[in-house]
Amino acid sequence: MIYLDNAATGGFKPASVQSAVAAALKLCANPGRSGHALSLALAERVLACRDLLSDLFDGYGYERTVFVKNCTEALNIAVLGVLKEGDHAVCTCLEHNSVLRPLEHLKERGLITYDVAPLSEGELLPENIAALVKPHTRAVYVTSASNVTGETPPLAAIRALLPEDVLLIVDGAQGAGHIPISMKKMGVDALAIAGHKGMHAMQGAAALLFSERLSPAPVLFGGTGSESFNLSMPAFYPDRLESGTLSYPAIASLFEGALFVRARREAHATQLTRLTSALLEGLGELQGFRAYSAPNACGIVSFAVEGMQSEEAAQALDRLGIAVRGGLHCAPLVHRALGTFPEGLVRVSFSPFQGMREVRALLCALRRVRTTSL
């Protein structure tokens, strides 16, 4: 199989990541929950991963780097744990349901209101976001990269147009590991990252990094190994947001993945831009295809096939041994903005470990799919 669904989950893991997970499974303990040597040693490795992620994304220190099981959980904390009754929020039509659904949940309960920034001629403009800010706006939620088109909003330019007291919270699920994200330089107050995509870690590895301007309330309650006498959650981070046993194998994989990204991100961005450019050029030479992406460092190209539903085209490619994704990609508002709702699009997402062979094979398969559909 040719795996081209890396925006959902990276299908190829570096050898160092695989080795870290295998080692963690051979002899594992509960990091920081016990006083014996192995528990303390693993706690030190967890701390090292916090420091590495904070350094990689120009964050705000290990204590404000919280581990969660996926980017959805991180974003739920950044919405449900940050917004309060009477607050207003702004998001964009590029956002994933991991942002939209928590916002809608609070709106349905009558606790908050929110507005959605539209596209202008297919592009997300900073001024469109800033225009929606109100006196009681608490936070603006922006994706680092669209999981549908691969578009990367200009985070620093967006921050520059926002009032100082408005928080900028970023969904880094698709951008982290692919594009440079400097929280302090870009004015990002919180960044949610998924380990299993561009960070090359295993599923179950994710983190939320946040500044001193946020004091997120916990959305999960339980044991932390600290202040066990206290029936309330600890007041300090990261413990306040980390109930229950951490997944040490996932964190170990994220540590190695972050090291891998730090050494190779620029080269990988060049390769993914090259692959997306080649695919778009090839699609332009075929009849019956319309692309909705530009060349990008996230490896994402989405397109429509004339006369076919997106899921139907994806299934046809699957029968030819090529894994892609069809549908709405859990991002319905961008499809409405693009005019591709409810049919959706076929999304191809490359890995930096792939090359022109995969592009040629996909284009050959698409010719077959198109011929069959006529």
# chains A, B, ... in the order shown; residues from 1 in each chain; ligands from 1
>>> select_by_dssp(residues="stretch 45-202 of chain A", states="alpha helix (DSSP H)", output="ChimeraX atom specification")
/A:45-56,71-80,97-108,126-130,155-161,183-186
>>> write_last_selection(atoms="N, CA and C atoms", output="compact mmCIF listing (two decimals), in the first residue's frame")
# COMPACT_ATOMS: atom_id res chain seq x y z
N ARG A 45 12.96 11.86 32.54
CA ARG A 45 12.80 11.82 31.09
C ARG A 45 11.56 12.61 30.66
N VAL A 46 10.52 12.53 31.45
CA VAL A 46 9.31 13.31 31.16
C VAL A 46 9.64 14.80 31.23
N LEU A 47 10.38 15.19 32.25
CA LEU A 47 10.78 16.59 32.39
C LEU A 47 11.64 17.03 31.20
N ALA A 48 12.52 16.14 30.76
CA ALA A 48 13.38 16.47 29.61
C ALA A 48 12.54 16.71 28.36
N CYS A 49 11.46 15.96 28.20
CA CYS A 49 10.58 16.16 27.05
C CYS A 49 9.84 17.49 27.16
N ARG A 50 9.41 17.84 28.36
CA ARG A 50 8.77 19.15 28.53
C ARG A 50 9.73 20.27 28.12
N ASP A 51 10.97 20.18 28.61
CA ASP A 51 11.97 21.20 28.28
C ASP A 51 12.23 21.27 26.78
N LEU A 52 12.33 20.11 26.15
CA LEU A 52 12.61 20.07 24.71
C LEU A 52 11.49 20.71 23.91
N LEU A 53 10.24 20.38 24.24
CA LEU A 53 9.11 20.96 23.52
C LEU A 53 9.03 22.47 23.73
N SER A 54 9.26 22.91 24.96
CA SER A 54 9.23 24.34 25.25
C SER A 54 10.31 25.06 24.45
N ASP A 55 11.47 24.44 24.33
CA ASP A 55 12.56 25.04 23.56
C ASP A 55 12.25 25.03 22.07
N LEU A 56 11.70 23.92 21.57
CA LEU A 56 11.43 23.78 20.14
C LEU A 56 10.40 24.80 19.66
N CYS A 71 -4.46 16.07 20.42
CA CYS A 71 -4.63 17.51 20.26
C CYS A 71 -6.05 17.94 20.62
N THR A 72 -7.02 17.07 20.42
CA THR A 72 -8.40 17.38 20.79
C THR A 72 -8.51 17.68 22.28
N GLU A 73 -7.87 16.86 23.11
CA GLU A 73 -7.90 17.11 24.55
C GLU A 73 -7.23 18.43 24.89
N ALA A 74 -6.11 18.71 24.23
CA ALA A 74 -5.42 19.97 24.48
C ALA A 74 -6.31 21.15 24.13
N LEU A 75 -7.00 21.07 23.00
CA LEU A 75 -7.87 22.17 22.58
C LEU A 75 -9.10 22.29 23.47
N ASN A 76 -9.60 21.18 23.98
CA ASN A 76 -10.72 21.25 24.93
C ASN A 76 -10.30 22.02 26.18
N ILE A 77 -9.09 21.77 26.66
CA ILE A 77 -8.60 22.53 27.81
C ILE A 77 -8.50 24.01 27.45
N ALA A 78 -8.02 24.29 26.23
CA ALA A 78 -7.81 25.68 25.80
C ALA A 78 -9.12 26.41 25.53
N VAL A 79 -10.22 25.69 25.42
CA VAL A 79 -11.54 26.30 25.26
C VAL A 79 -12.32 26.22 26.57
N LEU A 80 -12.60 25.00 27.01
CA LEU A 80 -13.44 24.81 28.20
C LEU A 80 -12.76 25.29 29.48
N ASN A 97 -13.12 20.50 14.04
CA ASN A 97 -14.18 20.33 15.04
C ASN A 97 -13.65 20.28 16.47
N SER A 98 -12.36 20.04 16.64
CA SER A 98 -11.77 20.05 17.98
C SER A 98 -11.81 21.43 18.61
N VAL A 99 -11.94 22.45 17.78
CA VAL A 99 -12.17 23.82 18.26
C VAL A 99 -13.65 24.17 18.17
N LEU A 100 -14.26 23.85 17.04
CA LEU A 100 -15.65 24.26 16.81
C LEU A 100 -16.62 23.63 17.80
N ARG A 101 -16.47 22.36 18.08
CA ARG A 101 -17.44 21.70 18.95
C ARG A 101 -17.36 22.15 20.40
N PRO A 102 -16.18 22.34 20.99
CA PRO A 102 -16.16 22.91 22.35
C PRO A 102 -16.77 24.32 22.40
N LEU A 103 -16.47 25.13 21.37
CA LEU A 103 -17.07 26.46 21.34
C LEU A 103 -18.60 26.37 21.24
N GLU A 104 -19.07 25.51 20.37
CA GLU A 104 -20.51 25.36 20.19
C GLU A 104 -21.16 24.81 21.45
N HIS A 105 -20.47 23.92 22.15
CA HIS A 105 -20.98 23.38 23.42
C HIS A 105 -21.22 24.50 24.42
N LEU A 106 -20.25 25.40 24.57
CA LEU A 106 -20.42 26.51 25.51
C LEU A 106 -21.50 27.47 25.05
N LYS A 107 -21.60 27.67 23.73
CA LYS A 107 -22.64 28.55 23.20
C LYS A 107 -24.03 27.97 23.45
N GLU A 108 -24.20 26.66 23.23
CA GLU A 108 -25.50 26.03 23.43
C GLU A 108 -25.94 26.09 24.88
N PRO A 126 -5.84 38.47 8.09
CA PRO A 126 -5.81 38.90 9.49
C PRO A 126 -6.86 39.96 9.83
N GLU A 127 -7.12 40.88 8.89
CA GLU A 127 -8.09 41.93 9.17
C GLU A 127 -9.51 41.39 9.31
N ASN A 128 -9.80 40.27 8.67
CA ASN A 128 -11.13 39.66 8.82
C ASN A 128 -11.32 39.11 10.23
N ILE A 129 -10.24 38.64 10.81
CA ILE A 129 -10.30 38.15 12.19
C ILE A 129 -10.42 39.31 13.16
N ALA A 130 -9.56 40.30 12.99
CA ALA A 130 -9.55 41.45 13.90
C ALA A 130 -10.88 42.19 13.89
N LEU A 155 0.30 33.88 11.62
CA LEU A 155 0.01 34.04 13.04
C LEU A 155 0.53 35.36 13.60
N ALA A 156 1.75 35.74 13.24
CA ALA A 156 2.31 36.98 13.77
C ALA A 156 1.51 38.19 13.29
N ALA A 157 1.07 38.17 12.05
CA ALA A 157 0.28 39.28 11.51
C ALA A 157 -1.09 39.35 12.18
N ILE A 158 -1.65 38.20 12.50
CA ILE A 158 -2.93 38.17 13.22
C ILE A 158 -2.76 38.75 14.62
N ARG A 159 -1.71 38.31 15.31
CA ARG A 159 -1.45 38.83 16.66
C ARG A 159 -1.29 40.35 16.65
N ALA A 160 -0.63 40.86 15.64
CA ALA A 160 -0.35 42.29 15.58
C ALA A 160 -1.61 43.13 15.50
N LEU A 161 -2.70 42.57 15.00
CA LEU A 161 -3.96 43.31 14.85
C LEU A 161 -4.91 43.11 16.03
N MET A 183 6.33 30.66 19.76
CA MET A 183 5.22 31.20 20.54
C MET A 183 5.49 32.64 20.98
N LYS A 184 6.66 32.91 21.51
CA LYS A 184 6.95 34.25 22.02
C LYS A 184 7.06 35.27 20.90
N LYS A 185 7.77 34.92 19.84
CA LYS A 185 7.95 35.87 18.74
C LYS A 185 6.64 36.13 18.00
N MET A 186 5.79 35.11 17.90
CA MET A 186 4.52 35.26 17.18
C MET A 186 3.38 35.73 18.08
>>> residues_around(residues="A:Val369", least_positions_apart="2", cutoff="12 Å", atoms="only C-alpha atoms", output="list in words")
Leu286, Gln287, Gly288, Phe289, Val305, Glu306, Gly307, Met308, Ser310, Glu312, Ala313, Ala314, Gln315, Ala316, Leu317, Asp318, Arg319, Leu320, Ile322, Leu362, Leu363, Cys364, Ala365, Leu366, Arg367, Thr371, Thr372, Ser373 and Leu374 of chain A
>>> residues_around(residues="stretch 244-246 of chain A", least_positions_apart="3", cutoff="12 Å", atoms="only C-alpha atoms", output="PDB file with C-alpha atoms, in the first residue's frame")
ATOM      1  CA  CYS A  28       8.099   0.665  32.588  1.00  0.00           C
ATOM      2  CA  ALA A  29       7.012   2.381  35.783  1.00  0.00           C
ATOM      3  CA  ASN A  30       4.694   5.228  36.705  1.00  0.00           C
ATOM      4  CA  PRO A  31       6.789   8.391  36.217  1.00  0.00           C
ATOM      5  CA  GLY A  32       6.813  10.587  39.289  1.00  0.00           C
ATOM      6  CA  ARG A  33       4.113   8.700  41.160  1.00  0.00           C
ATOM      7  CA  SER A  34       6.452   6.601  43.317  1.00  0.00           C
ATOM      8  CA  SER A  39       9.886   5.977  38.764  1.00  0.00           C
ATOM      9  CA  LEU A  42      11.267   8.131  34.113  1.00  0.00           C
ATOM     10  CA  ALA A  43      10.072  11.377  35.708  1.00  0.00           C
ATOM     11  CA  VAL A  46       9.314  13.315  31.159  1.00  0.00           C
ATOM     12  CA  VAL A  66       1.237  19.773  29.738  1.00  0.00           C
ATOM     13  CA  PHE A  67       0.949  16.256  28.300  1.00  0.00           C
ATOM     14  CA  VAL A  68      -2.395  14.996  27.023  1.00  0.00           C
ATOM     15  CA  LYS A  69      -3.459  12.066  24.865  1.00  0.00           C
ATOM     16  CA  GLY A 204      -1.507   9.087  22.285  1.00  0.00           C
ATOM     17  CA  ALA A 205       1.298  11.660  22.401  1.00  0.00           C
ATOM     18  CA  ALA A 206       0.261  15.324  22.525  1.00  0.00           C
ATOM     19  CA  ALA A 207       0.830  18.479  24.529  1.00  0.00           C
ATOM     20  CA  LEU A 220     -10.351  16.158  34.086  1.00  0.00           C
ATOM     21  CA  PHE A 221      -9.995  15.414  37.784  1.00  0.00           C
ATOM     22  CA  GLY A 222      -8.091  12.718  39.636  1.00  0.00           C
ATOM     23  CA  GLY A 223      -4.759  11.666  41.056  1.00  0.00           C
ATOM     24  CA  THR A 224      -1.582  13.603  40.309  1.00  0.00           C
ATOM     25  CA  GLY A 225       0.899  12.115  42.768  1.00  0.00           C
ATOM     26  CA  SER A 226       1.159  15.558  44.387  1.00  0.00           C
ATOM     27  CA  MET A 233      -6.779  19.662  42.124  1.00  0.00           C
ATOM     28  CA  PRO A 238       1.574  20.991  35.058  1.00  0.00           C
ATOM     29  CA  ASP A 239      -0.048  18.866  37.798  1.00  0.00           C
ATOM     30  CA  ARG A 240      -3.284  20.862  37.716  1.00  0.00           C
ATOM     31  CA  LEU A 241      -4.012  19.582  34.199  1.00  0.00           C
ATOM     32  CA  PRO A 249       5.842   5.263  26.006  1.00  0.00           C
ATOM     33  CA  ALA A 250       3.999   8.061  24.177  1.00  0.00           C
ATOM     34  CA  ILE A 251       6.081  10.757  25.859  1.00  0.00           C
ATOM     35  CA  ALA A 252       9.295   8.866  25.087  1.00  0.00           C
TER      36      ALA A 252
END
